[in-house]
$ cat structure-v6.cif   # mmCIF, C-alpha atoms, pLDDT in the B column; chains and numbers go by the auth columns
data_query
#
loop_
_atom_site.group_PDB
_atom_site.id
_atom_site.type_symbol
_atom_site.label_atom_id
_atom_site.label_comp_id
_atom_site.label_asym_id
_atom_site.label_seq_id
_atom_site.Cartn_x
_atom_site.Cartn_y
_atom_site.Cartn_z
_atom_site.B_iso_or_equiv
_atom_site.auth_seq_id
_atom_site.auth_asym_id
ATOM 1 C CA MET A 1 4.295 6.848 2.023 58.00 1320 X
ATOM 2 C CA ASN A 2 2.798 10.284 2.677 68.00 1321 X
ATOM 3 C CA GLY A 3 3.092 13.284 0.407 81.00 1322 X
ATOM 4 C CA PHE A 4 5.885 14.990 2.348 86.00 1323 X
ATOM 5 C CA LYS A 5 8.156 11.938 2.245 85.00 1324 X
ATOM 6 C CA ARG A 6 7.455 11.483 -1.443 89.00 1325 X
ATOM 7 C CA LEU A 7 8.349 15.148 -2.096 90.00 1326 X
ATOM 8 C CA CYS A 8 11.613 14.797 -0.146 89.00 1327 X
ATOM 9 C CA MET A 9 12.588 11.707 -2.119 91.00 1328 X
ATOM 10 C CA VAL A 10 11.860 13.449 -5.423 92.00 1329 X
ATOM 11 C CA LEU A 11 13.934 16.502 -4.456 91.00 1330 X
ATOM 12 C CA PHE A 12 16.786 14.325 -3.175 92.00 1331 X
ATOM 13 C CA THR A 13 16.844 12.295 -6.389 93.00 1332 X
ATOM 14 C CA LEU A 14 16.734 15.349 -8.661 93.00 1333 X
ATOM 15 C CA ALA A 15 19.523 17.060 -6.693 92.00 1334 X
ATOM 16 C CA ASN A 16 21.739 13.977 -7.000 93.00 1335 X
ATOM 17 C CA LEU A 17 21.082 13.642 -10.721 94.00 1336 X
ATOM 18 C CA PHE A 18 21.880 17.305 -11.343 92.00 1337 X
ATOM 19 C CA VAL A 19 25.131 17.213 -9.356 91.00 1338 X
ATOM 20 C CA LEU A 20 26.292 13.975 -10.972 91.00 1339 X
ATOM 21 C CA ALA A 21 25.523 15.266 -14.465 91.00 1340 X
ATOM 22 C CA ALA A 22 27.174 18.662 -13.836 90.00 1341 X
ATOM 23 C CA LEU A 23 30.380 17.154 -12.471 88.00 1342 X
ATOM 24 C CA ALA A 24 30.544 14.214 -14.872 90.00 1343 X
ATOM 25 C CA LEU A 25 30.318 16.530 -17.894 89.00 1344 X
ATOM 26 C CA THR A 26 33.477 18.352 -16.753 89.00 1345 X
ATOM 27 C CA TRP A 27 35.452 15.079 -16.865 88.00 1346 X
ATOM 28 C CA TYR A 28 33.982 13.041 -19.712 85.00 1347 X
ATOM 29 C CA GLY A 29 32.245 13.781 -22.995 79.00 1348 X
ATOM 30 C CA PRO A 30 32.636 16.171 -25.881 84.00 1349 X
ATOM 31 C CA TRP A 31 31.506 19.202 -23.832 84.00 1350 X
ATOM 32 C CA THR A 32 34.053 19.144 -21.001 88.00 1351 X
ATOM 33 C CA SER A 33 35.319 22.661 -21.746 89.00 1352 X
ATOM 34 C CA GLU A 34 31.796 24.112 -21.915 88.00 1353 X
ATOM 35 C CA ALA A 35 30.756 22.344 -18.692 87.00 1354 X
ATOM 36 C CA SER A 36 33.894 23.604 -16.932 89.00 1355 X
ATOM 37 C CA ALA A 37 33.220 27.164 -18.150 90.00 1356 X
ATOM 38 C CA LEU A 38 29.739 27.037 -16.612 89.00 1357 X
ATOM 39 C CA LEU A 39 31.328 26.630 -13.179 88.00 1358 X
ATOM 40 C CA ASN A 40 32.556 30.219 -13.441 89.00 1359 X
ATOM 41 C CA LEU A 41 28.956 31.456 -13.524 91.00 1360 X
ATOM 42 C CA GLU A 42 27.806 32.389 -10.024 92.00 1361 X
ATOM 43 C CA PRO A 43 24.152 31.205 -10.316 92.00 1362 X
ATOM 44 C CA TYR A 44 25.297 27.847 -11.742 92.00 1363 X
ATOM 45 C CA SER A 45 27.863 27.397 -8.961 91.00 1364 X
ATOM 46 C CA ILE A 46 25.291 28.280 -6.293 93.00 1365 X
ATOM 47 C CA ALA A 47 22.859 25.750 -7.765 93.00 1366 X
ATOM 48 C CA ILE A 48 25.515 23.032 -7.664 92.00 1367 X
ATOM 49 C CA LEU A 49 26.433 23.868 -4.060 92.00 1368 X
ATOM 50 C CA ALA A 50 22.768 23.816 -3.033 94.00 1369 X
ATOM 51 C CA CYS A 51 22.238 20.449 -4.670 93.00 1370 X
ATOM 52 C CA LEU A 52 25.426 19.120 -3.038 92.00 1371 X
ATOM 53 C CA ALA A 53 24.086 20.240 0.340 93.00 1372 X
ATOM 54 C CA VAL A 54 20.766 18.489 -0.272 93.00 1373 X
ATOM 55 C CA SER A 55 22.589 15.355 -1.424 93.00 1374 X
ATOM 56 C CA ALA A 56 24.911 15.323 1.592 93.00 1375 X
ATOM 57 C CA PHE A 57 22.054 15.885 4.042 93.00 1376 X
ATOM 58 C CA GLY A 58 20.001 13.118 2.454 92.00 1377 X
ATOM 59 C CA LEU A 59 22.902 10.667 2.578 92.00 1378 X
ATOM 60 C CA VAL A 60 23.472 11.450 6.269 94.00 1379 X
ATOM 61 C CA VAL A 61 19.790 10.839 7.007 91.00 1380 X
ATOM 62 C CA LEU A 62 19.864 7.521 5.154 90.00 1381 X
ATOM 63 C CA LEU A 63 23.017 6.480 7.027 92.00 1382 X
ATOM 64 C CA VAL A 64 21.521 7.356 10.416 91.00 1383 X
ATOM 65 C CA ARG A 65 18.323 5.460 9.609 86.00 1384 X
ATOM 66 C CA ALA A 66 20.339 2.428 8.491 85.00 1385 X
ATOM 67 C CA LEU A 67 22.350 2.434 11.739 87.00 1386 X
ATOM 68 C CA VAL A 68 19.644 3.384 14.232 82.00 1387 X
ATOM 69 C CA VAL A 69 16.228 2.320 12.964 74.00 1388 X
ATOM 70 C CA ARG A 70 15.313 -1.279 13.686 73.00 1389 X
ATOM 71 C CA LYS A 71 12.376 -3.231 12.360 73.00 1390 X
ATOM 72 C CA VAL A 72 9.621 -3.231 14.964 72.00 1391 X
ATOM 73 C CA ARG A 73 8.456 -6.758 15.759 79.00 1392 X
ATOM 74 C CA THR A 74 6.529 -6.112 18.981 81.00 1393 X
ATOM 75 C CA ILE A 75 4.290 -3.199 19.982 80.00 1394 X
ATOM 76 C CA GLU A 76 3.709 -2.116 23.565 81.00 1395 X
ATOM 77 C CA VAL A 77 -0.049 -1.846 24.047 78.00 1396 X
ATOM 78 C CA ALA A 78 -0.385 -1.316 27.816 79.00 1397 X
ATOM 79 C CA SER A 79 1.507 -0.913 31.086 78.00 1398 X
ATOM 80 C CA VAL A 80 0.641 -2.980 34.161 81.00 1399 X
ATOM 81 C CA ASP A 81 2.300 -2.592 37.601 78.00 1400 X
ATOM 82 C CA GLY A 82 5.526 -1.274 36.147 76.00 1401 X
ATOM 83 C CA GLY A 83 5.617 -3.885 33.392 81.00 1402 X
ATOM 84 C CA VAL A 84 4.456 -3.737 29.806 82.00 1403 X
ATOM 85 C CA ILE A 85 2.116 -5.807 27.659 84.00 1404 X
ATOM 86 C CA SER A 86 3.334 -6.288 24.105 84.00 1405 X
ATOM 87 C CA VAL A 87 1.909 -7.896 21.001 87.00 1406 X
ATOM 88 C CA THR A 88 3.757 -8.973 17.879 87.00 1407 X
ATOM 89 C CA ARG A 89 3.035 -7.682 14.403 88.00 1408 X
ATOM 90 C CA ASP A 90 2.317 -11.256 13.295 90.00 1409 X
ATOM 91 C CA ALA A 91 -0.375 -11.535 15.977 90.00 1410 X
ATOM 92 C CA ILE A 92 -2.018 -8.324 14.750 91.00 1411 X
ATOM 93 C CA ALA A 93 -1.902 -9.567 11.146 92.00 1412 X
ATOM 94 C CA ALA A 94 -3.389 -12.927 12.187 93.00 1413 X
ATOM 95 C CA GLN A 95 -6.218 -11.193 14.052 93.00 1414 X
ATOM 96 C CA ALA A 96 -6.981 -9.016 11.018 94.00 1415 X
ATOM 97 C CA SER A 97 -7.046 -12.081 8.743 94.00 1416 X
ATOM 98 C CA HIS A 98 -9.371 -13.916 11.146 95.00 1417 X
ATOM 99 C CA ILE A 99 -11.801 -10.973 11.193 94.00 1418 X
ATOM 100 C CA VAL A 100 -11.886 -10.647 7.394 94.00 1419 X
ATOM 101 C CA GLU A 101 -12.426 -14.387 6.888 93.00 1420 X
ATOM 102 C CA ALA A 102 -14.945 -14.831 9.728 92.00 1421 X
ATOM 103 C CA ASP A 103 -18.103 -15.019 7.586 89.00 1422 X
ATOM 104 C CA GLY A 104 -16.496 -17.041 4.785 90.00 1423 X
ATOM 105 C CA THR A 105 -17.223 -14.555 1.993 90.00 1424 X
ATOM 106 C CA CYS A 106 -13.713 -13.109 1.741 92.00 1425 X
ATOM 107 C CA SER A 107 -10.094 -13.980 2.364 92.00 1426 X
ATOM 108 C CA ALA A 108 -7.207 -11.799 3.470 92.00 1427 X
ATOM 109 C CA ALA A 109 -4.817 -11.967 0.530 92.00 1428 X
ATOM 110 C CA ARG A 110 -2.251 -9.788 2.305 92.00 1429 X
ATOM 111 C CA VAL A 111 -2.025 -7.933 5.616 93.00 1430 X
ATOM 112 C CA ILE A 112 0.521 -5.149 6.182 91.00 1431 X
ATOM 113 C CA VAL A 113 1.062 -3.899 9.739 90.00 1432 X
ATOM 114 C CA ASP A 114 2.950 -0.625 10.118 86.00 1433 X
ATOM 115 C CA ALA A 115 3.762 0.306 13.703 80.00 1434 X
ATOM 116 C CA ARG A 116 6.302 1.791 16.088 74.00 1435 X
ATOM 117 C CA ALA A 117 7.405 0.210 19.332 62.00 1436 X
ATOM 118 C CA ARG A 118 5.404 2.704 21.430 66.00 1437 X
ATOM 119 C CA GLY A 119 3.412 4.331 18.671 69.00 1438 X
ATOM 120 C CA HIS A 120 0.176 3.774 16.885 81.00 1439 X
ATOM 121 C CA VAL A 121 -0.651 0.883 14.590 88.00 1440 X
ATOM 122 C CA ARG A 122 -1.704 1.118 10.957 90.00 1441 X
ATOM 123 C CA VAL A 123 -3.163 -1.929 9.241 92.00 1442 X
ATOM 124 C CA HIS A 124 -3.691 -2.393 5.512 93.00 1443 X
ATOM 125 C CA VAL A 125 -5.631 -5.454 4.348 94.00 1444 X
ATOM 126 C CA ARG A 126 -5.926 -6.671 0.760 93.00 1445 X
ATOM 127 C CA VAL A 127 -9.305 -8.400 0.595 93.00 1446 X
ATOM 128 C CA LEU A 128 -10.040 -11.205 -1.877 93.00 1447 X
ATOM 129 C CA PRO A 129 -13.817 -11.828 -2.209 92.00 1448 X
ATOM 130 C CA HIS A 130 -14.821 -15.392 -3.091 89.00 1449 X
ATOM 131 C CA GLU A 131 -17.723 -14.001 -5.149 88.00 1450 X
ATOM 132 C CA SER A 132 -18.749 -10.551 -6.335 86.00 1451 X
ATOM 133 C CA VAL A 133 -19.828 -8.353 -3.404 86.00 1452 X
ATOM 134 C CA ASP A 134 -21.067 -4.855 -2.786 89.00 1453 X
ATOM 135 C CA VAL A 135 -17.672 -3.298 -2.094 90.00 1454 X
ATOM 136 C CA VAL A 136 -19.073 -0.192 -0.389 91.00 1455 X
ATOM 137 C CA ALA A 137 -21.326 -2.079 2.012 92.00 1456 X
ATOM 138 C CA LYS A 138 -18.879 -4.924 2.634 92.00 1457 X
ATOM 139 C CA GLY A 139 -15.982 -2.515 3.036 91.00 1458 X
ATOM 140 C CA ALA A 140 -17.830 -0.474 5.660 93.00 1459 X
ATOM 141 C CA GLU A 141 -18.784 -3.665 7.519 93.00 1460 X
ATOM 142 C CA LEU A 142 -15.241 -5.055 7.497 93.00 1461 X
ATOM 143 C CA HIS A 143 -13.778 -1.692 8.507 93.00 1462 X
ATOM 144 C CA GLU A 144 -16.049 -1.526 11.550 94.00 1463 X
ATOM 145 C CA ASP A 145 -15.317 -5.156 12.471 94.00 1464 X
ATOM 146 C CA LEU A 146 -11.564 -4.601 12.147 93.00 1465 X
ATOM 147 C CA LEU A 147 -11.623 -1.506 14.352 92.00 1466 X
ATOM 148 C CA HIS A 148 -13.448 -3.364 17.126 92.00 1467 X
ATOM 149 C CA GLY A 149 -11.557 -6.639 16.676 92.00 1468 X
ATOM 150 C CA LEU A 150 -8.082 -5.109 16.560 91.00 1469 X
ATOM 151 C CA ALA A 151 -8.880 -2.992 19.624 89.00 1470 X
ATOM 152 C CA LYS A 152 -9.010 -6.260 21.580 88.00 1471 X
ATOM 153 C CA VAL A 153 -5.392 -6.917 20.584 87.00 1472 X
ATOM 154 C CA CYS A 154 -3.903 -3.418 20.354 84.00 1473 X
ATOM 155 C CA GLY A 155 -6.124 -1.422 22.690 82.00 1474 X
ATOM 156 C CA ASP A 156 -6.282 2.237 21.660 84.00 1475 X
ATOM 157 C CA LYS A 157 -3.125 1.959 19.530 85.00 1476 X
ATOM 158 C CA VAL A 158 -5.054 1.371 16.283 88.00 1477 X
ATOM 159 C CA GLU A 159 -4.662 4.575 14.303 87.00 1478 X
ATOM 160 C CA ASP A 160 -5.746 3.611 10.806 88.00 1479 X
ATOM 161 C CA VAL A 161 -7.350 0.643 9.047 92.00 1480 X
ATOM 162 C CA SER A 162 -7.473 0.590 5.240 92.00 1481 X
ATOM 163 C CA LEU A 163 -8.964 -1.991 2.892 93.00 1482 X
ATOM 164 C CA GLU A 164 -8.124 -2.838 -0.713 92.00 1483 X
ATOM 165 C CA PHE A 165 -10.515 -5.110 -2.613 92.00 1484 X
ATOM 166 C CA VAL A 166 -9.032 -7.152 -5.441 89.00 1485 X
ATOM 167 C CA GLU A 167 -10.682 -9.115 -8.251 87.00 1486 X
ATOM 168 C CA PRO A 168 -13.060 -11.768 -6.848 85.00 1487 X
ATOM 169 C CA GLU A 169 -12.495 -15.450 -7.456 75.00 1488 X
ATOM 170 C CA SER A 170 -15.865 -15.685 -9.225 73.00 1489 X
ATOM 171 C CA VAL A 171 -18.507 -13.234 -10.426 70.00 1490 X
ATOM 172 C CA THR A 172 -22.207 -13.872 -9.762 63.00 1491 X
ATOM 173 C CA VAL A 173 -24.706 -12.180 -12.093 57.00 1492 X
ATOM 174 C CA SER A 174 -28.391 -11.988 -11.105 54.00 1493 X
ATOM 175 C CA LEU A 175 -30.947 -12.160 -13.926 50.00 1494 X
ATOM 176 C CA ALA A 176 -34.259 -10.422 -13.244 49.00 1495 X
ATOM 177 C CA GLU A 177 -36.001 -12.174 -16.136 44.00 1496 X
ATOM 178 C CA VAL A 178 -35.562 -15.660 -17.562 44.00 1497 X
ATOM 179 C CA ASP A 179 -37.052 -16.775 -20.894 50.00 1498 X
ATOM 180 C CA GLU A 180 -39.411 -19.705 -20.497 50.00 1499 X
ATOM 181 C CA PRO A 181 -41.013 -21.901 -23.168 52.00 1500 X
ATOM 182 C CA ALA A 182 -44.444 -20.656 -24.233 51.00 1501 X
ATOM 183 C CA ALA A 183 -47.435 -22.822 -25.101 53.00 1502 X
ATOM 184 C CA ASP A 184 -46.956 -22.248 -28.822 55.00 1503 X
ATOM 185 C CA GLY A 185 -43.389 -23.458 -28.716 53.00 1504 X
ATOM 186 C CA GLY A 186 -41.847 -19.959 -28.589 53.00 1505 X
ATOM 187 C CA LEU A 187 -40.246 -18.164 -25.678 51.00 1506 X
ATOM 188 C CA ALA A 188 -42.250 -16.175 -23.167 51.00 1507 X
ATOM 189 C CA PRO A 189 -40.801 -13.890 -20.516 51.00 1508 X
ATOM 190 C CA ALA A 190 -40.855 -15.233 -16.988 47.00 1509 X
ATOM 191 C CA GLU A 191 -42.760 -13.640 -14.138 50.00 1510 X
ATOM 192 C CA PRO A 192 -41.124 -10.448 -12.786 45.00 1511 X
ATOM 193 C CA ASP A 193 -40.329 -12.045 -9.413 45.00 1512 X
ATOM 194 C CA SER A 194 -38.387 -14.984 -10.877 41.00 1513 X
ATOM 195 C CA THR A 195 -34.614 -14.686 -10.567 42.00 1514 X
ATOM 196 C CA SER A 196 -31.570 -16.693 -11.541 44.00 1515 X
ATOM 197 C CA GLU A 197 -27.857 -16.478 -10.907 46.00 1516 X
ATOM 198 C CA ILE A 198 -24.891 -17.218 -13.136 43.00 1517 X
ATOM 199 C CA THR A 199 -21.520 -17.745 -11.455 42.00 1518 X
ATOM 200 C CA VAL A 200 -18.449 -17.213 -13.620 47.00 1519 X
ATOM 201 C CA SER A 201 -15.125 -18.463 -12.288 45.00 1520 X
ATOM 202 C CA MET A 202 -12.323 -15.903 -12.499 46.00 1521 X
ATOM 203 C CA GLY A 203 -9.600 -18.490 -11.952 49.00 1522 X
ATOM 204 C CA ALA A 204 -8.600 -18.668 -15.637 42.00 1523 X
ATOM 205 C CA ALA A 205 -8.482 -14.902 -15.897 44.00 1524 X
ATOM 206 C CA ARG A 206 -6.292 -14.656 -12.808 48.00 1525 X
ATOM 207 C CA GLU A 207 -3.933 -17.292 -14.169 45.00 1526 X
ATOM 208 C CA SER A 208 -3.674 -15.419 -17.483 40.00 1527 X
ATOM 209 C CA GLU A 209 -2.914 -12.227 -15.596 43.00 1528 X
ATOM 210 C CA ARG A 210 -0.132 -13.920 -13.634 43.00 1529 X
ATOM 211 C CA GLU A 211 1.407 -15.273 -16.860 41.00 1530 X
ATOM 212 C CA ALA A 212 1.292 -11.809 -18.468 41.00 1531 X
#

$ encode --input "structure-v6.cif" --output "structure tokens"
Amino acid sequence: MNGFKRLCMVLFTLANLFVLAALALTWYGPWTSEASALLNLEPYSIAILACLAVSAFGLVVLLVRALVVRKVRTIEVASVDGGVISVTRDAIAAQASHIVEADGTCSAARVIVDARARGHVRVHVRVLPHESVDVVAKGAELHEDLLHGLAKVCGDKVEDVSLEFVEPESVTVSLAEVDEPAADGGLAPAEPDSTSEITVSMGAARESEREA
């Protein structure tokens, strides 16, 4: 949801709440006489009328959208000899999942495809790494792969591709130095070029989070 739509929803909600409160107080509650007296004030009456207009307009828009707007299941991507070539949203989501999971390091936890029948396509992918990854580098790589891969399915209809990385299934920590036994029975630092990795499963943490 963009900023303009969010602003409209906030204004519509506030206008409805104000009108409902102003009218309800004239019928019920201990301040019915005071609330009714406020209606005689011109600024208060104008504010109520303005909010009623906003409320009525918003309800009409919602009604029209409910009657007219249909969920888009197929997107027209090209025209050939008077006909059209269409692709389903499920096919676009499947292609995005295949691209993300191609190298085996990540999985597509969720794919959201937002599109119009003859408009542009927006794809949002929630990426689940199997191990800890460099999000910046991996994100740039996946973004480029998705743009090229989805172009094979949607042509030039791809308008936006966004990625959201979630907690990896396991975290791998690289150790630059490892303590080794010394000749005298103590511990001596290892050579600078020796490395080790510790992999910590995040499955228990994810289960705890789901239970919470």

$ residues_around --input "structure-v6.cif" --residues "Val1338 in chain X" --least-positions-apart "6" --cutoff "12 Å" --atoms "all atoms listed in the file" --output "mmCIF file with C-alpha atoms, in the frame of the given file"
data_model
loop_
_atom_site.group_PDB
_atom_site.id
_atom_site.type_symbol
_atom_site.label_atom_id
_atom_site.label_comp_id
_atom_site.auth_asym_id
_atom_site.auth_seq_id
_atom_site.Cartn_x
_atom_site.Cartn_y
_atom_site.Cartn_z
ATOM 1 C CA PHE X 1331 16.786 14.325 -3.175
ATOM 2 C CA THR X 1332 16.844 12.295 -6.389
ATOM 3 C CA LEU X 1344 30.318 16.530 -17.894
ATOM 4 C CA THR X 1345 33.477 18.352 -16.753
ATOM 5 C CA LEU X 1358 31.328 26.630 -13.179
ATOM 6 C CA TYR X 1363 25.297 27.847 -11.742
ATOM 7 C CA SER X 1364 27.863 27.397 -8.961
ATOM 8 C CA ILE X 1365 25.291 28.280 -6.293
ATOM 9 C CA ALA X 1366 22.859 25.750 -7.765
ATOM 10 C CA ILE X 1367 25.515 23.032 -7.664
ATOM 11 C CA LEU X 1368 26.433 23.868 -4.060
ATOM 12 C CA ALA X 1369 22.768 23.816 -3.033
ATOM 13 C CA CYS X 1370 22.238 20.449 -4.670
ATOM 14 C CA LEU X 1371 25.426 19.120 -3.038
ATOM 15 C CA ALA X 1372 24.086 20.240 0.340
ATOM 16 C CA VAL X 1373 20.766 18.489 -0.272
ATOM 17 C CA SER X 1374 22.589 15.355 -1.424
ATOM 18 C CA ALA X 1375 24.911 15.323 1.592
#

$ residues_around --input "structure-v6.cif" --residues "range 1479-1483 of chain X" --least-positions-apart "5" --cutoff "9 Å" --atoms "all atoms listed in the file" --output "ChimeraX atom specification"
/X:1439-1447,1458,1461-1462,1465-1466

$ closest_residue --input "structure-v6.cif" --among "X:Leu1326, X:Leu1342, X:Val1396, X:Leu1360" --to "Gly1474 in chain X" --atoms "all atoms listed in the file"
X:Val1396

$ atom_distance --input "structure-v6.cif" --atom1 "CA of Ser1489 in chain X" --atom2 "CA of Ser1426 in chain X"
13.1 Å

$ atom_distance --input "structure-v6.cif" --atom1 "CA of Asp1464 in chain X" --atom2 "CA of Glu1420 in chain X"
11.2 Å

$ closest_residue --input "structure-v6.cif" --among "X:Val1403, X:Val1485, X:Ala1434, X:Glu1460" --to "Asp1422 in chain X" --atoms "only C-alpha atoms"
X:Glu1460

$ atom_distance --input "structure-v6.cif" --atom1 "CA of Val1406 in chain X" --atom2 "CA of Arg1435 in chain X"
11.7 Å

$ closest_residue --input "structure-v6.cif" --among "X:Ala1421, X:Val1452, X:Val1432, X:Ala1385" --to "Val1477 in chain X" --atoms "all atoms listed in the file"
X:Val1432

$ resolve_selection --input "structure-v6.cif" --expression "the PyMOL selection byres ((chain X and resi 1488) around 6)" --output "short mmCIF file (atom, residue, chain, number, x, y, z; two decimals) with C-alpha atoms, in the frame of the given file"
data_model
loop_
_atom_site.label_atom_id
_atom_site.label_comp_id
_atom_site.auth_asym_id
_atom_site.auth_seq_id
_atom_site.Cartn_x
_atom_site.Cartn_y
_atom_site.Cartn_z
CA HIS X 1449 -14.82 -15.39 -3.09
CA GLU X 1450 -17.72 -14.00 -5.15
CA PRO X 1487 -13.06 -11.77 -6.85
CA SER X 1489 -15.86 -15.68 -9.22
CA MET X 1521 -12.32 -15.90 -12.50
#

$ resolve_selection --input "structure-v6.cif" --expression "the PyMOL selection byres ((chain X and resi 1393) around 7)" --output "list in words"
Val1391, Arg1392, Ile1394, Glu1395, Ser1405, Val1406, Thr1407, Arg1408 and Ala1436 of chain X

$ axis_aligned_box --input "structure-v6.cif" --around "range 1467-1484 of chain X" --padding-each-side "3 Å" --output "lines of an AutoDock Vina configuration file"
center_x = -8.3
center_y = -1.2
center_z = 10.0
size_x = 16.3
size_y = 17.5
size_z = 31.3

$ build_atoms --input "structure-v6.cif" --residues "range 1424-1436 of chain X" --atoms "N, CA, C and O atoms" --output "short mmCIF file (atom, residue, chain, number, x, y, z; two decimals), in the frame of the given file"
data_model
loop_
_atom_site.label_atom_id
_atom_site.label_comp_id
_atom_site.auth_asym_id
_atom_site.auth_seq_id
_atom_site.Cartn_x
_atom_site.Cartn_y
_atom_site.Cartn_z
N THR X 1424 -17.01 -15.17 3.31
CA THR X 1424 -17.22 -14.56 1.99
C THR X 1424 -15.95 -13.99 1.39
O THR X 1424 -15.88 -13.78 0.18
N CYS X 1425 -14.95 -13.73 2.21
CA CYS X 1425 -13.71 -13.11 1.74
C CYS X 1425 -12.51 -13.77 2.41
O CYS X 1425 -12.63 -14.44 3.44
N SER X 1426 -11.36 -13.55 1.79
CA SER X 1426 -10.09 -13.98 2.36
C SER X 1426 -9.15 -12.79 2.43
O SER X 1426 -9.28 -11.84 1.65
N ALA X 1427 -8.22 -12.84 3.36
CA ALA X 1427 -7.21 -11.80 3.47
C ALA X 1427 -6.01 -12.20 2.62
O ALA X 1427 -5.22 -13.06 3.01
N ALA X 1428 -5.91 -11.61 1.43
CA ALA X 1428 -4.82 -11.97 0.53
C ALA X 1428 -3.48 -11.47 1.07
O ALA X 1428 -2.45 -12.13 0.88
N ARG X 1429 -3.49 -10.33 1.74
CA ARG X 1429 -2.25 -9.79 2.31
C ARG X 1429 -2.60 -8.81 3.41
O ARG X 1429 -3.56 -8.05 3.29
N VAL X 1430 -1.83 -8.85 4.49
CA VAL X 1430 -2.02 -7.93 5.62
C VAL X 1430 -0.69 -7.25 5.91
O VAL X 1430 0.32 -7.93 6.13
N ILE X 1431 -0.68 -5.93 5.89
CA ILE X 1431 0.52 -5.15 6.18
C ILE X 1431 0.29 -4.39 7.48
O ILE X 1431 -0.69 -3.64 7.59
N VAL X 1432 1.16 -4.58 8.45
CA VAL X 1432 1.06 -3.90 9.74
C VAL X 1432 2.24 -2.94 9.87
O VAL X 1432 3.39 -3.36 9.86
N ASP X 1433 1.94 -1.66 9.96
CA ASP X 1433 2.95 -0.62 10.12
C ASP X 1433 2.81 -0.05 11.51
O ASP X 1433 1.74 0.47 11.87
N ALA X 1434 3.87 -0.14 12.31
CA ALA X 1434 3.76 0.31 13.70
C ALA X 1434 5.13 0.70 14.24
O ALA X 1434 6.17 0.31 13.70
N ARG X 1435 5.11 1.47 15.32
CA ARG X 1435 6.30 1.79 16.09
C ARG X 1435 6.22 1.08 17.43
O ARG X 1435 5.15 0.66 17.87
N ALA X 1436 7.36 0.98 18.08
CA ALA X 1436 7.40 0.21 19.33
C ALA X 1436 6.43 0.76 20.37
O ALA X 1436 5.78 0.02 21.09
#
